[in-house]
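One structure is given below, encoded as structure tokens.
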Protein chains: 2
Amino acid sequence: MSDRLSAREVRRHKWWGWGLDDVTFRYDNKPAFPALAKNKVGVDLDSKQPVEPVLADHEVPASLLPEEARAALVEIVGEDNLLDDDEYRVVHSFGRSLPDLFRARGGRFERLVDAIVYPASEDEVARVLRLVLEKDFVLIPYGGGSSISGSVTPDVAERRPILTMNLGRMRDVLEIDDTAGLARVEAGVYGPDLEEQLNALGWTVGHFPDSFTYSTLGGWAATRSSGMQSDKYGDIEDIVRGLRMVHPRGVAVTKPIPGRDSGPSVHEMILGSEGRLGVITEVTVQVHRIAPVRQVIAYMYPDWEHGIRGMHAIARSTDVSPTFTRLSDGPETEFSLAMVKEPSSTKGKVAAKVQDGLFSYLRSKGWDTTNEMSISYVCFEGSKAAVEQQKAIVKKIVKQAGGITLGSGPGAIYDQKKFDTPYLRDFLMNYQVFGDVCDTGATWSSINEVHAKAFEAFYAVQEEQGLPGFMFCHMSHSYHAGACLYFTFAFPYSTDEQALEQYYRAKSAVQQVFVDLGSTVSHHHAVGTEHQPWIVEDIGEVGAGMVAGLFADTDPGHNLNPGKILTP
Amino acid sequence: MSDRLSAREVRRHKWWGWGLDDVTFRYDNKPAFPALAKNKVGVDLDSKQPVEPVLADHEVPASLLPEEARAALVEIVGEDNLLDDDEYRVVHSFGRSLPDLFRARGGRFERLVDAIVYPASEDEVARVLRLVLEKDFVLIPYGGGSSISGSVTPDVAERRPILTMNLGRMRDVLEIDDTAGLARVEAGVYGPDLEEQLNALGWTVGHFPDSFTYSTLGGWAATRSSGMQSDKYGDIEDIVRGLRMVHPRGVAVTKPIPGRDSGPSVHEMILGSEGRLGVITEVTVQVHRIAPVRQVIAYMYPDWEHGIRGMHAIARSTDVSPTFTRLSDGPETEFSLAMVKEPSSTKGKVAAKVQDGLFSYLRSKGWDTTNEMSISYVCFEGSKAAVEQQKAIVKKIVKQAGGITLGSGPGAIYDQKKFDTPYLRDFLMNYQVFGDVCDTGATWSSINEVHAKAFEAFYAVQEEQGLPGFMFCHMSHSYHAGACLYFTFAFPYSTDEQALEQYYRAKSAVQQVFVDLGSTVSHHHAVGTEHQPWIVEDIGEVGAGMVAGLFADTDPGHNLNPGKILTP
């Protein structure tokens, strides 16, 4: 076991945005970006002055934690591991949802959490939980704080003292069962730290959600996370085989055994529970040997429908099983190309020339290379022979679906943007532009309709609002019955006062399309508070009642992350 | 939609055993069987007289269903679809567990169900459920009645009227979404009927539990069933994508969408609920195109440990994905060989000679061909090329693990015994011999120890009891982290009075080994009443409390299959 970090050594977000203070989005090396910003969301990056928020501009209300309780908590976790200074309280009072960040930047600190505790063991977690219940406080498990659905945000109307629990000190891989391919890991570990510890021993979990750098294993489990490689490695429900959760009545334990779960699944009650049933302290995950060869190949289709035909054929093929499959629609392809860095090497410059040549050839064949053609990435892992064979099969499938193989070069585009989008969102907000995402699960039979109707709904609402807007989408996370659609949209809001209303009108229009067409309210962004308006439509009235019954039985006093998933 | 069968047209078991009245186990064409029966469980089939039970020998108590309630039920389902004659009440009052059948044969009819209703629609199910709750009756959903864990058996201490609900009339495939590969099906359909309806359209579910001929889709979902082809097609949790369940507060609906389930999984609460949350009426399942080529290849290993090495290597290989993988241990291999039918064709006689030659060659290499060598079957499906390639890879893996490839001939052994074991159990009981099964999930790292300790425990308890016994085991249902171990045991009980006590001592000793070694109480036989002694060890005290809370919220009056999974 490693030496424990102290609370202040645990990585944390900047108070007003994503990630570390000194990491931000840059566009000086992306020559096509300013034109795109101007054309799509009407922002002139040369003339408009960005606004970076300053914490000192805002008043931070005092903590409501009584001195006696504070002392009792310090007794449990140690003086260094209870933090209640202004900046930490601000950071932990907001997830990274767009409304949360907008409120944080604006200094809307009506109700901040009162302290953050950083326990170092399951026993400390249990002692804090007991204290919370005894004193009728509120406890919010924080994970990595990357929730974009309000899952870690306190209710501004809450009058009881609120503690946020950060497990960032509990980050060790405790044990690896090499034969079973299972690793027992503390729940507070961040994605990169987990992979580093495992990679050193030749293992990987293979779970890479967009939030990877700022999300934790426990948070993934508590919110039903999916990583971009889910086609091969599974969603977190498949990856997490066993759990330990501190519950008001003791520690709930699920065994990492195939054929687990007698009766209704306790394991699947804990997954997705967002802290309402307790605090997940330990997770046993499937681990895999790192594949000897990994290649990301790019393909291009004339448009979205052709691309979906290819994606569906790959999903149906019994002969290939890629690590991931992804298809950007026309607008996302346009966006991706505009985000490419200026080539600096000779090799890069040659590649750019080749690409120009290719595009004019495609235009000569009747393709619309502006905003119709759709780029796709497929990742292959395995032995060299297996990868070559799978590539050959997919190449054939793509051709039959009307696409062409670009090769491994443009895979670089994919890798460039992997975990960077959240920084772009912060950058845009400095220019009074909102950028956000919505995702859903759809069947293969409804996927084109969901895609089309979501676009219609977004542009209709923007027209009503008299605001420009830009939306694009990709398909990822392929399954037997369907896939995930992941929409990104951006628009300049008119005033600070109207901003959130304008945002909710746009986002709600898209979400409502998902639910109206029988798709899910979200594929992997959890419920929190942001998706609650659709929860009953999503899981049904009877289902919501069953979940409410479960919560009421566990937590009659509403002390555990109250108001999340369902109210009360 | 097909015309509805009437209640009496729904297939049903013989009152004292498995399956139809005129189907029974025969050994006249299995020359090695009598010697095995004599050597292993001390039964001389030539001299001992079998006892076949006669229903007329036993008194059947009158139904407790009040006349007025009977009339109300007839009003809902129609006169023909409420049955309460003696034989139907007996059939539906016992599952097919060994204790159930022993009690049925002995005419232990202390408490039979009072009537069986056969609804034809979700609405009729809901109306029956409302009546049950209004009148404080008990409702037991029956599925196909094949439970070997007591899941459909009424509590003999129950004083309220008891209805069993048989959905056998609700058997239609309602809709197939060809693009998504999803079929919406009524829950009462039996396995063969389901596959026939789908096969006619080129589809298969690929779910073949041992109970296949006498179990239903709804029953599979309600008990977390696994089929022998789960390696490829998944367990029922993977296969069932959406559900409809009549619940006391309305109809619970889960969507067949990837990325389903916001928050704790309602879907996974319903799966495995054994009627305690309501009655599953409709299921949406994944369907697959029938593979062009299917082959079962047999392999032989010198012993169990070598075989497990091969099975583990196949599970770990990223290059093969068989439809099933199965390994019989030495005693099961011996049993299988003794169950082979006498060859009648010239081809069969030649094959038998070849086999004799092979076995003497293996003995010359030092193998123990009596009860150590372990037969394995692997099933391949796909295009001809893919099947050939996969076979080549597995052949190499088997060789590296110390085994040899026998080829596709002995695959016949596998297909012979597929769904027949329950008939053998009835046959043995006619000779005062108990035969039964226990299954568990184990990790690859613990699988050999669980296997060895279960044998030790069984033979130790039989020695204590002064009884002979025979036990064998196979591994099936392979996963990343482990597999299922499936034990079969048999012994002659001494007297009718001591029989069940002797049975429970043997079975409990094995079950306790499973739980003590961290394995599950059962891999896919559900909980019912038979596995309740270990449920808290299996899902933990906190987990059991969560499930109890869920049941209490749904069914405070204990009207829905009370006493199953947990008491109350």
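Ordered as shown in the structure tokens, chains take letters A, B, and onward, while each chain numbers its residues from 1 and ligands are numbered from 1 in the order shown.
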
Check: which chain A residues lie within 7 Å of chain B using only C-alpha atoms, as a PDB file with N, CA, C and O atoms, in the first residue's frame:
ATOM      1  N   THR A 179      -4.961 -14.944 -11.967  1.00  0.00           N
ATOM      2  CA  THR A 179      -5.644 -16.054 -12.642  1.00  0.00           C
ATOM      3  C   THR A 179      -7.057 -15.653 -13.042  1.00  0.00           C
ATOM      4  O   THR A 179      -7.507 -15.913 -14.154  1.00  0.00           O
ATOM      5  N   ALA A 180      -7.765 -15.015 -12.108  1.00  0.00           N
ATOM      6  CA  ALA A 180      -9.145 -14.616 -12.391  1.00  0.00           C
ATOM      7  C   ALA A 180      -9.211 -13.315 -13.189  1.00  0.00           C
ATOM      8  O   ALA A 180     -10.263 -12.982 -13.735  1.00  0.00           O
ATOM      9  N   GLY A 181      -8.104 -12.551 -13.261  1.00  0.00           N
ATOM     10  CA  GLY A 181      -8.138 -11.268 -13.960  1.00  0.00           C
ATOM     11  C   GLY A 181      -9.015 -10.271 -13.224  1.00  0.00           C
ATOM     12  O   GLY A 181      -9.871  -9.614 -13.804  1.00  0.00           O
ATOM     13  N   LEU A 182      -8.812 -10.188 -11.916  1.00  0.00           N
ATOM     14  CA  LEU A 182      -9.607  -9.280 -11.087  1.00  0.00           C
ATOM     15  C   LEU A 182      -8.670  -8.441 -10.227  1.00  0.00           C
ATOM     16  O   LEU A 182      -7.706  -8.961  -9.670  1.00  0.00           O
ATOM     17  N   ARG A 249     -26.741   0.635   7.492  1.00  0.00           N
ATOM     18  CA  ARG A 249     -26.857  -0.549   8.345  1.00  0.00           C
ATOM     19  C   ARG A 249     -25.607  -1.422   8.334  1.00  0.00           C
ATOM     20  O   ARG A 249     -25.647  -2.559   8.819  1.00  0.00           O
ATOM     21  N   GLY A 250     -24.514  -0.927   7.795  1.00  0.00           N
ATOM     22  CA  GLY A 250     -23.284  -1.722   7.764  1.00  0.00           C
ATOM     23  C   GLY A 250     -22.630  -1.632   6.399  1.00  0.00           C
ATOM     24  O   GLY A 250     -22.925  -0.727   5.629  1.00  0.00           O
ATOM     25  N   VAL A 251     -21.753  -2.580   6.105  1.00  0.00           N
ATOM     26  CA  VAL A 251     -21.078  -2.545   4.808  1.00  0.00           C
ATOM     27  C   VAL A 251     -21.753  -3.560   3.869  1.00  0.00           C
ATOM     28  O   VAL A 251     -21.838  -4.748   4.182  1.00  0.00           O
ATOM     29  N   ALA A 252     -22.252  -3.070   2.751  1.00  0.00           N
ATOM     30  CA  ALA A 252     -22.804  -3.954   1.726  1.00  0.00           C
ATOM     31  C   ALA A 252     -21.641  -4.492   0.901  1.00  0.00           C
ATOM     32  O   ALA A 252     -20.768  -3.731   0.489  1.00  0.00           O
ATOM     33  N   VAL A 253     -21.650  -5.794   0.668  1.00  0.00           N
ATOM     34  CA  VAL A 253     -20.561  -6.427  -0.074  1.00  0.00           C
ATOM     35  C   VAL A 253     -21.160  -7.278  -1.185  1.00  0.00           C
ATOM     36  O   VAL A 253     -22.050  -8.089  -0.939  1.00  0.00           O
ATOM     37  N   THR A 254     -20.699  -7.077  -2.411  1.00  0.00           N
ATOM     38  CA  THR A 254     -21.120  -7.988  -3.482  1.00  0.00           C
ATOM     39  C   THR A 254     -19.877  -8.725  -3.971  1.00  0.00           C
ATOM     40  O   THR A 254     -18.803  -8.153  -4.084  1.00  0.00           O
ATOM     41  N   ILE A 257     -18.036 -12.703  -8.416  1.00  0.00           N
ATOM     42  CA  ILE A 257     -18.132 -14.086  -8.876  1.00  0.00           C
ATOM     43  C   ILE A 257     -19.094 -14.161 -10.055  1.00  0.00           C
ATOM     44  O   ILE A 257     -20.164 -13.568 -10.015  1.00  0.00           O
ATOM     45  N   PRO A 258     -18.745 -14.895 -11.110  1.00  0.00           N
ATOM     46  CA  PRO A 258     -19.713 -15.097 -12.193  1.00  0.00           C
ATOM     47  C   PRO A 258     -20.960 -15.788 -11.637  1.00  0.00           C
ATOM     48  O   PRO A 258     -20.855 -16.677 -10.794  1.00  0.00           O
ATOM     49  N   GLY A 259     -22.124 -15.370 -12.142  1.00  0.00           N
ATOM     50  CA  GLY A 259     -23.364 -15.941 -11.633  1.00  0.00           C
ATOM     51  C   GLY A 259     -23.742 -15.335 -10.303  1.00  0.00           C
ATOM     52  O   GLY A 259     -24.524 -15.881  -9.558  1.00  0.00           O
ATOM     53  N   ARG A 260     -23.174 -14.180 -10.008  1.00  0.00           N
ATOM     54  CA  ARG A 260     -23.479 -13.443  -8.792  1.00  0.00           C
ATOM     55  C   ARG A 260     -24.955 -13.111  -8.733  1.00  0.00           C
ATOM     56  O   ARG A 260     -25.646 -13.165  -9.727  1.00  0.00           O
ATOM     57  N   ASP A 261     -25.369 -12.754  -7.578  1.00  0.00           N
ATOM     58  CA  ASP A 261     -26.681 -12.179  -7.368  1.00  0.00           C
ATOM     59  C   ASP A 261     -27.792 -13.190  -7.379  1.00  0.00           C
ATOM     60  O   ASP A 261     -28.259 -13.634  -8.410  1.00  0.00           O
ATOM     61  N   SER A 262     -28.196 -13.543  -6.192  1.00  0.00           N
ATOM     62  CA  SER A 262     -29.388 -14.353  -5.993  1.00  0.00           C
ATOM     63  C   SER A 262     -30.517 -13.377  -5.751  1.00  0.00           C
ATOM     64  O   SER A 262     -30.385 -12.474  -4.949  1.00  0.00           O
ATOM     65  N   GLY A 263     -31.619 -13.555  -6.464  1.00  0.00           N
ATOM     66  CA  GLY A 263     -32.742 -12.636  -6.304  1.00  0.00           C
ATOM     67  C   GLY A 263     -32.469 -11.328  -7.001  1.00  0.00           C
ATOM     68  O   GLY A 263     -31.581 -11.230  -7.851  1.00  0.00           O
ATOM     69  N   PRO A 264     -33.274 -10.290  -6.679  1.00  0.00           N
ATOM     70  CA  PRO A 264     -33.018  -8.963  -7.251  1.00  0.00           C
ATOM     71  C   PRO A 264     -31.567  -8.579  -6.993  1.00  0.00           C
ATOM     72  O   PRO A 264     -31.035  -8.855  -5.919  1.00  0.00           O
ATOM     73  N   SER A 265     -30.919  -7.958  -7.956  1.00  0.00           N
ATOM     74  CA  SER A 265     -29.477  -7.747  -7.857  1.00  0.00           C
ATOM     75  C   SER A 265     -29.107  -6.586  -6.935  1.00  0.00           C
ATOM     76  O   SER A 265     -29.320  -5.424  -7.268  1.00  0.00           O
ATOM     77  N   VAL A 266     -28.507  -6.922  -5.811  1.00  0.00           N
ATOM     78  CA  VAL A 266     -27.996  -5.885  -4.897  1.00  0.00           C
ATOM     79  C   VAL A 266     -26.902  -5.083  -5.598  1.00  0.00           C
ATOM     80  O   VAL A 266     -26.826  -3.850  -5.481  1.00  0.00           O
ATOM     81  N   GLU A 268     -26.582  -4.371  -8.717  1.00  0.00           N
ATOM     82  CA  GLU A 268     -27.145  -3.427  -9.685  1.00  0.00           C
ATOM     83  C   GLU A 268     -28.030  -2.368  -9.012  1.00  0.00           C
ATOM     84  O   GLU A 268     -28.508  -1.459  -9.670  1.00  0.00           O
ATOM     85  N   MET A 269     -28.316  -2.542  -7.733  1.00  0.00           N
ATOM     86  CA  MET A 269     -28.960  -1.451  -6.988  1.00  0.00           C
ATOM     87  C   MET A 269     -27.908  -0.409  -6.598  1.00  0.00           C
ATOM     88  O   MET A 269     -28.176   0.782  -6.570  1.00  0.00           O
ATOM     89  N   ILE A 270     -26.725  -0.900  -6.280  1.00  0.00           N
ATOM     90  CA  ILE A 270     -25.648   0.004  -5.841  1.00  0.00           C
ATOM     91  C   ILE A 270     -25.094   0.778  -7.038  1.00  0.00           C
ATOM     92  O   ILE A 270     -24.861   1.991  -6.951  1.00  0.00           O
ATOM     93  N   LEU A 271     -24.891   0.076  -8.154  1.00  0.00           N
ATOM     94  CA  LEU A 271     -24.434   0.780  -9.358  1.00  0.00           C
ATOM     95  C   LEU A 271     -25.465   1.842  -9.727  1.00  0.00           C
ATOM     96  O   LEU A 271     -26.666   1.570  -9.763  1.00  0.00           O
ATOM     97  N   GLY A 272     -25.009   3.048  -9.984  1.00  0.00           N
ATOM     98  CA  GLY A 272     -25.928   4.112 -10.372  1.00  0.00           C
ATOM     99  C   GLY A 272     -26.633   4.785  -9.219  1.00  0.00           C
ATOM    100  O   GLY A 272     -27.488   5.647  -9.442  1.00  0.00           O
ATOM    101  N   SER A 273     -26.292   4.423  -7.981  1.00  0.00           N
ATOM    102  CA  SER A 273     -27.079   4.952  -6.856  1.00  0.00           C
ATOM    103  C   SER A 273     -26.657   6.356  -6.415  1.00  0.00           C
ATOM    104  O   SER A 273     -27.306   6.960  -5.555  1.00  0.00           O
ATOM    105  N   THR A 318     -20.305 -11.450 -37.018  1.00  0.00           N
ATOM    106  CA  THR A 318     -19.827 -12.372 -35.983  1.00  0.00           C
ATOM    107  C   THR A 318     -18.312 -12.537 -36.079  1.00  0.00           C
ATOM    108  O   THR A 318     -17.711 -13.232 -35.270  1.00  0.00           O
ATOM    109  N   GLY A 382      -5.090  -6.619 -30.318  1.00  0.00           N
ATOM    110  CA  GLY A 382      -4.856  -8.060 -30.315  1.00  0.00           C
ATOM    111  C   GLY A 382      -3.469  -8.368 -30.822  1.00  0.00           C
ATOM    112  O   GLY A 382      -2.587  -7.498 -30.842  1.00  0.00           O
ATOM    113  N   GLY A 441     -29.191   6.489 -25.475  1.00  0.00           N
ATOM    114  CA  GLY A 441     -29.091   5.172 -26.098  1.00  0.00           C
ATOM    115  C   GLY A 441     -30.268   4.989 -27.033  1.00  0.00           C
ATOM    116  O   GLY A 441     -31.397   5.321 -26.691  1.00  0.00           O
ATOM    117  N   ALA A 442     -29.998   4.492 -28.235  1.00  0.00           N
ATOM    118  CA  ALA A 442     -31.070   4.288 -29.217  1.00  0.00           C
ATOM    119  C   ALA A 442     -30.883   2.925 -29.867  1.00  0.00           C
ATOM    120  O   ALA A 442     -29.765   2.412 -29.947  1.00  0.00           O
ATOM    121  N   THR A 443     -31.962   2.330 -30.329  1.00  0.00           N
ATOM    122  CA  THR A 443     -31.838   1.067 -31.063  1.00  0.00           C
ATOM    123  C   THR A 443     -31.347   1.359 -32.477  1.00  0.00           C
ATOM    124  O   THR A 443     -31.513   2.472 -32.990  1.00  0.00           O
ATOM    125  N   TRP A 444     -30.811   0.350 -33.131  1.00  0.00           N
ATOM    126  CA  TRP A 444     -30.372   0.520 -34.523  1.00  0.00           C
ATOM    127  C   TRP A 444     -31.536   0.926 -35.420  1.00  0.00           C
ATOM    128  O   TRP A 444     -31.340   1.602 -36.431  1.00  0.00           O
ATOM    129  N   SER A 445     -32.725   0.524 -35.054  1.00  0.00           N
ATOM    130  CA  SER A 445     -33.874   0.850 -35.915  1.00  0.00           C
ATOM    131  C   SER A 445     -34.350   2.283 -35.725  1.00  0.00           C
ATOM    132  O   SER A 445     -35.039   2.821 -36.587  1.00  0.00           O
ATOM    133  N   TYR A 479     -23.652  -1.748 -29.426  1.00  0.00           N
ATOM    134  CA  TYR A 479     -24.197  -2.953 -28.789  1.00  0.00           C
ATOM    135  C   TYR A 479     -24.947  -3.774 -29.825  1.00  0.00           C
ATOM    136  O   TYR A 479     -25.219  -3.311 -30.926  1.00  0.00           O
ATOM    137  N   ALA A 481     -28.124  -4.371 -29.868  1.00  0.00           N
ATOM    138  CA  ALA A 481     -29.427  -3.776 -30.209  1.00  0.00           C
ATOM    139  C   ALA A 481     -29.359  -2.313 -30.623  1.00  0.00           C
ATOM    140  O   ALA A 481     -30.335  -1.774 -31.146  1.00  0.00           O
ATOM    141  N   GLY A 482     -28.264  -1.648 -30.392  1.00  0.00           N
ATOM    142  CA  GLY A 482     -28.217  -0.231 -30.725  1.00  0.00           C
ATOM    143  C   GLY A 482     -26.904   0.395 -30.316  1.00  0.00           C
ATOM    144  O   GLY A 482     -25.884  -0.283 -30.207  1.00  0.00           O
ATOM    145  N   ALA A 483     -26.935   1.702 -30.086  1.00  0.00           N
ATOM    146  CA  ALA A 483     -25.697   2.410 -29.775  1.00  0.00           C
ATOM    147  C   ALA A 483     -26.029   3.711 -29.061  1.00  0.00           C
ATOM    148  O   ALA A 483     -27.194   4.075 -28.895  1.00  0.00           O
ATOM    149  N   SER A 519     -36.050   6.494 -26.576  1.00  0.00           N
ATOM    150  CA  SER A 519     -34.650   6.360 -26.191  1.00  0.00           C
ATOM    151  C   SER A 519     -34.496   6.731 -24.718  1.00  0.00           C
ATOM    152  O   SER A 519     -35.446   7.147 -24.077  1.00  0.00           O
ATOM    153  N   THR A 520     -33.264   6.535 -24.207  1.00  0.00           N
ATOM    154  CA  THR A 520     -33.063   6.805 -22.783  1.00  0.00           C
ATOM    155  C   THR A 520     -32.745   8.284 -22.552  1.00  0.00           C
ATOM    156  O   THR A 520     -32.245   8.972 -23.444  1.00  0.00           O
ATOM    157  N   HIS A 523     -27.338   8.136 -21.904  1.00  0.00           N
ATOM    158  CA  HIS A 523     -26.667   6.847 -22.019  1.00  0.00           C
ATOM    159  C   HIS A 523     -25.691   6.622 -20.873  1.00  0.00           C
ATOM    160  O   HIS A 523     -25.618   5.541 -20.316  1.00  0.00           O
ATOM    161  N   HIS A 524     -24.946   7.646 -20.492  1.00  0.00           N
ATOM    162  CA  HIS A 524     -23.977   7.427 -19.412  1.00  0.00           C
ATOM    163  C   HIS A 524     -23.633   8.690 -18.623  1.00  0.00           C
ATOM    164  O   HIS A 524     -22.556   8.763 -18.035  1.00  0.00           O
ATOM    165  N   ALA A 526     -25.715   9.739 -16.139  1.00  0.00           N
ATOM    166  CA  ALA A 526     -26.426   9.597 -14.861  1.00  0.00           C
ATOM    167  C   ALA A 526     -27.619  10.544 -14.779  1.00  0.00           C
ATOM    168  O   ALA A 526     -27.972  11.206 -15.763  1.00  0.00           O
ATOM    169  N   VAL A 527     -28.216  10.621 -13.624  1.00  0.00           N
ATOM    170  CA  VAL A 527     -29.463  11.379 -13.462  1.00  0.00           C
ATOM    171  C   VAL A 527     -29.217  12.683 -12.698  1.00  0.00           C
ATOM    172  O   VAL A 527     -29.545  13.764 -13.184  1.00  0.00           O
ATOM    173  N   ILE A 539     -37.789   5.539 -16.602  1.00  0.00           N
ATOM    174  CA  ILE A 539     -37.861   4.230 -15.927  1.00  0.00           C
ATOM    175  C   ILE A 539     -39.290   3.887 -15.528  1.00  0.00           C
ATOM    176  O   ILE A 539     -39.526   2.824 -14.954  1.00  0.00           O
ATOM    177  N   GLY A 540     -40.240   4.751 -15.853  1.00  0.00           N
ATOM    178  CA  GLY A 540     -41.640   4.445 -15.587  1.00  0.00           C
ATOM    179  C   GLY A 540     -42.041   4.807 -14.167  1.00  0.00           C
ATOM    180  O   GLY A 540     -41.197   4.921 -13.269  1.00  0.00           O
ATOM    181  N   VAL A 542     -43.923   3.048 -12.067  1.00  0.00           N
ATOM    182  CA  VAL A 542     -43.782   1.930 -11.133  1.00  0.00           C
ATOM    183  C   VAL A 542     -42.310   1.721 -10.779  1.00  0.00           C
ATOM    184  O   VAL A 542     -41.949   1.540  -9.619  1.00  0.00           O
ATOM    185  N   GLY A 543     -41.453   1.802 -11.796  1.00  0.00           N
ATOM    186  CA  GLY A 543     -40.016   1.654 -11.558  1.00  0.00           C
ATOM    187  C   GLY A 543     -39.497   2.745 -10.627  1.00  0.00           C
ATOM    188  O   GLY A 543     -38.746   2.470  -9.686  1.00  0.00           O
ATOM    189  N   MET A 546     -40.399   1.938  -7.174  1.00  0.00           N
ATOM    190  CA  MET A 546     -39.556   0.895  -6.571  1.00  0.00           C
ATOM    191  C   MET A 546     -38.237   1.487  -6.089  1.00  0.00           C
ATOM    192  O   MET A 546     -37.743   1.146  -5.001  1.00  0.00           O
ATOM    193  N   VAL A 547     -37.655   2.377  -6.902  1.00  0.00           N
ATOM    194  CA  VAL A 547     -36.393   3.016  -6.507  1.00  0.00           C
ATOM    195  C   VAL A 547     -36.615   3.905  -5.278  1.00  0.00           C
ATOM    196  O   VAL A 547     -35.827   3.894  -4.330  1.00  0.00           O
ATOM    197  N   GLY A 549     -38.828   3.480  -3.005  1.00  0.00           N
ATOM    198  CA  GLY A 549     -38.997   2.575  -1.861  1.00  0.00           C
ATOM    199  C   GLY A 549     -37.655   2.114  -1.311  1.00  0.00           C
ATOM    200  O   GLY A 549     -37.441   2.052  -0.102  1.00  0.00           O
ATOM    201  N   LEU A 550     -36.742   1.825  -2.236  1.00  0.00           N
ATOM    202  CA  LEU A 550     -35.393   1.405  -1.848  1.00  0.00           C
ATOM    203  C   LEU A 550     -34.679   2.523  -1.091  1.00  0.00           C
ATOM    204  O   LEU A 550     -34.054   2.303  -0.046  1.00  0.00           O
ATOM    205  N   ASP A 553     -36.206   3.087   2.422  1.00  0.00           N
ATOM    206  CA  ASP A 553     -35.831   2.039   3.365  1.00  0.00           C
ATOM    207  C   ASP A 553     -34.409   2.253   3.888  1.00  0.00           C
ATOM    208  O   ASP A 553     -34.122   2.055   5.067  1.00  0.00           O
ATOM    209  N   ILE A 565     -31.341  11.809  -8.292  1.00  0.00           N
ATOM    210  CA  ILE A 565     -32.083  10.751  -9.006  1.00  0.00           C
ATOM    211  C   ILE A 565     -33.591  10.980  -8.886  1.00  0.00           C
ATOM    212  O   ILE A 565     -34.297  11.101  -9.880  1.00  0.00           O
TER     213      ILE A 565
END

Write down as a compact mmCIF listing (two decimals) with N, CA and C atoms, in the first residue's frame the residues belonging to stretch 443-489 of chain A that are assigned alpha helix (DSSP H) by DSSP computed on the backbone.
# COMPACT_ATOMS: atom_id res chain seq x y z
N ILE A 447 -32.15 4.86 -34.63
CA ILE A 447 -31.00 5.76 -34.43
C ILE A 447 -31.00 6.94 -35.41
N ASN A 448 -31.37 6.69 -36.67
CA ASN A 448 -31.38 7.80 -37.64
C ASN A 448 -32.48 8.81 -37.33
N GLU A 449 -33.61 8.31 -36.86
CA GLU A 449 -34.70 9.21 -36.53
C GLU A 449 -34.35 10.06 -35.30
N VAL A 450 -33.78 9.43 -34.30
CA VAL A 450 -33.39 10.19 -33.11
C VAL A 450 -32.38 11.26 -33.50
N HIS A 451 -31.43 10.88 -34.33
CA HIS A 451 -30.41 11.83 -34.79
C HIS A 451 -31.07 13.02 -35.50
N ALA A 452 -31.94 12.72 -36.44
CA ALA A 452 -32.55 13.79 -37.24
C ALA A 452 -33.44 14.69 -36.38
N LYS A 453 -34.27 14.08 -35.54
CA LYS A 453 -35.24 14.85 -34.75
C LYS A 453 -34.55 15.71 -33.69
N ALA A 454 -33.41 15.23 -33.17
CA ALA A 454 -32.70 16.03 -32.18
C ALA A 454 -32.17 17.32 -32.83
N PHE A 455 -31.68 17.19 -34.05
CA PHE A 455 -31.21 18.38 -34.77
C PHE A 455 -32.36 19.35 -35.03
N GLU A 456 -33.46 18.80 -35.54
CA GLU A 456 -34.64 19.65 -35.81
C GLU A 456 -35.03 20.41 -34.55
N ALA A 457 -35.10 19.68 -33.43
CA ALA A 457 -35.58 20.29 -32.19
C ALA A 457 -34.63 21.40 -31.73
N PHE A 458 -33.33 21.14 -31.85
CA PHE A 458 -32.35 22.14 -31.40
C PHE A 458 -32.44 23.41 -32.25
N TYR A 459 -32.43 23.25 -33.57
CA TYR A 459 -32.43 24.45 -34.42
C TYR A 459 -33.76 25.18 -34.35
N ALA A 460 -34.87 24.42 -34.13
CA ALA A 460 -36.17 25.08 -33.98
C ALA A 460 -36.19 25.95 -32.74
N VAL A 461 -35.67 25.42 -31.65
CA VAL A 461 -35.70 26.19 -30.41
C VAL A 461 -34.76 27.40 -30.49
N GLN A 462 -33.64 27.23 -31.18
CA GLN A 462 -32.72 28.37 -31.33
C GLN A 462 -33.37 29.47 -32.19
N GLU A 463 -34.12 29.04 -33.18
CA GLU A 463 -34.80 30.04 -34.01
C GLU A 463 -35.83 30.79 -33.18
N GLU A 464 -36.58 30.04 -32.38
CA GLU A 464 -37.55 30.68 -31.48
C GLU A 464 -36.87 31.67 -30.55
N GLN A 465 -35.67 31.28 -30.07
CA GLN A 465 -34.95 32.14 -29.13
C GLN A 465 -34.23 33.28 -29.83

- Message: Can you pull out the residues contacting B:Ser47? Cut-off 12 Å, using only C-alpha atoms, and skip same-chain residues under 5 positions away; I want them as a PyMOL selection string.
- Response: chain B and resi 34+38+42+431
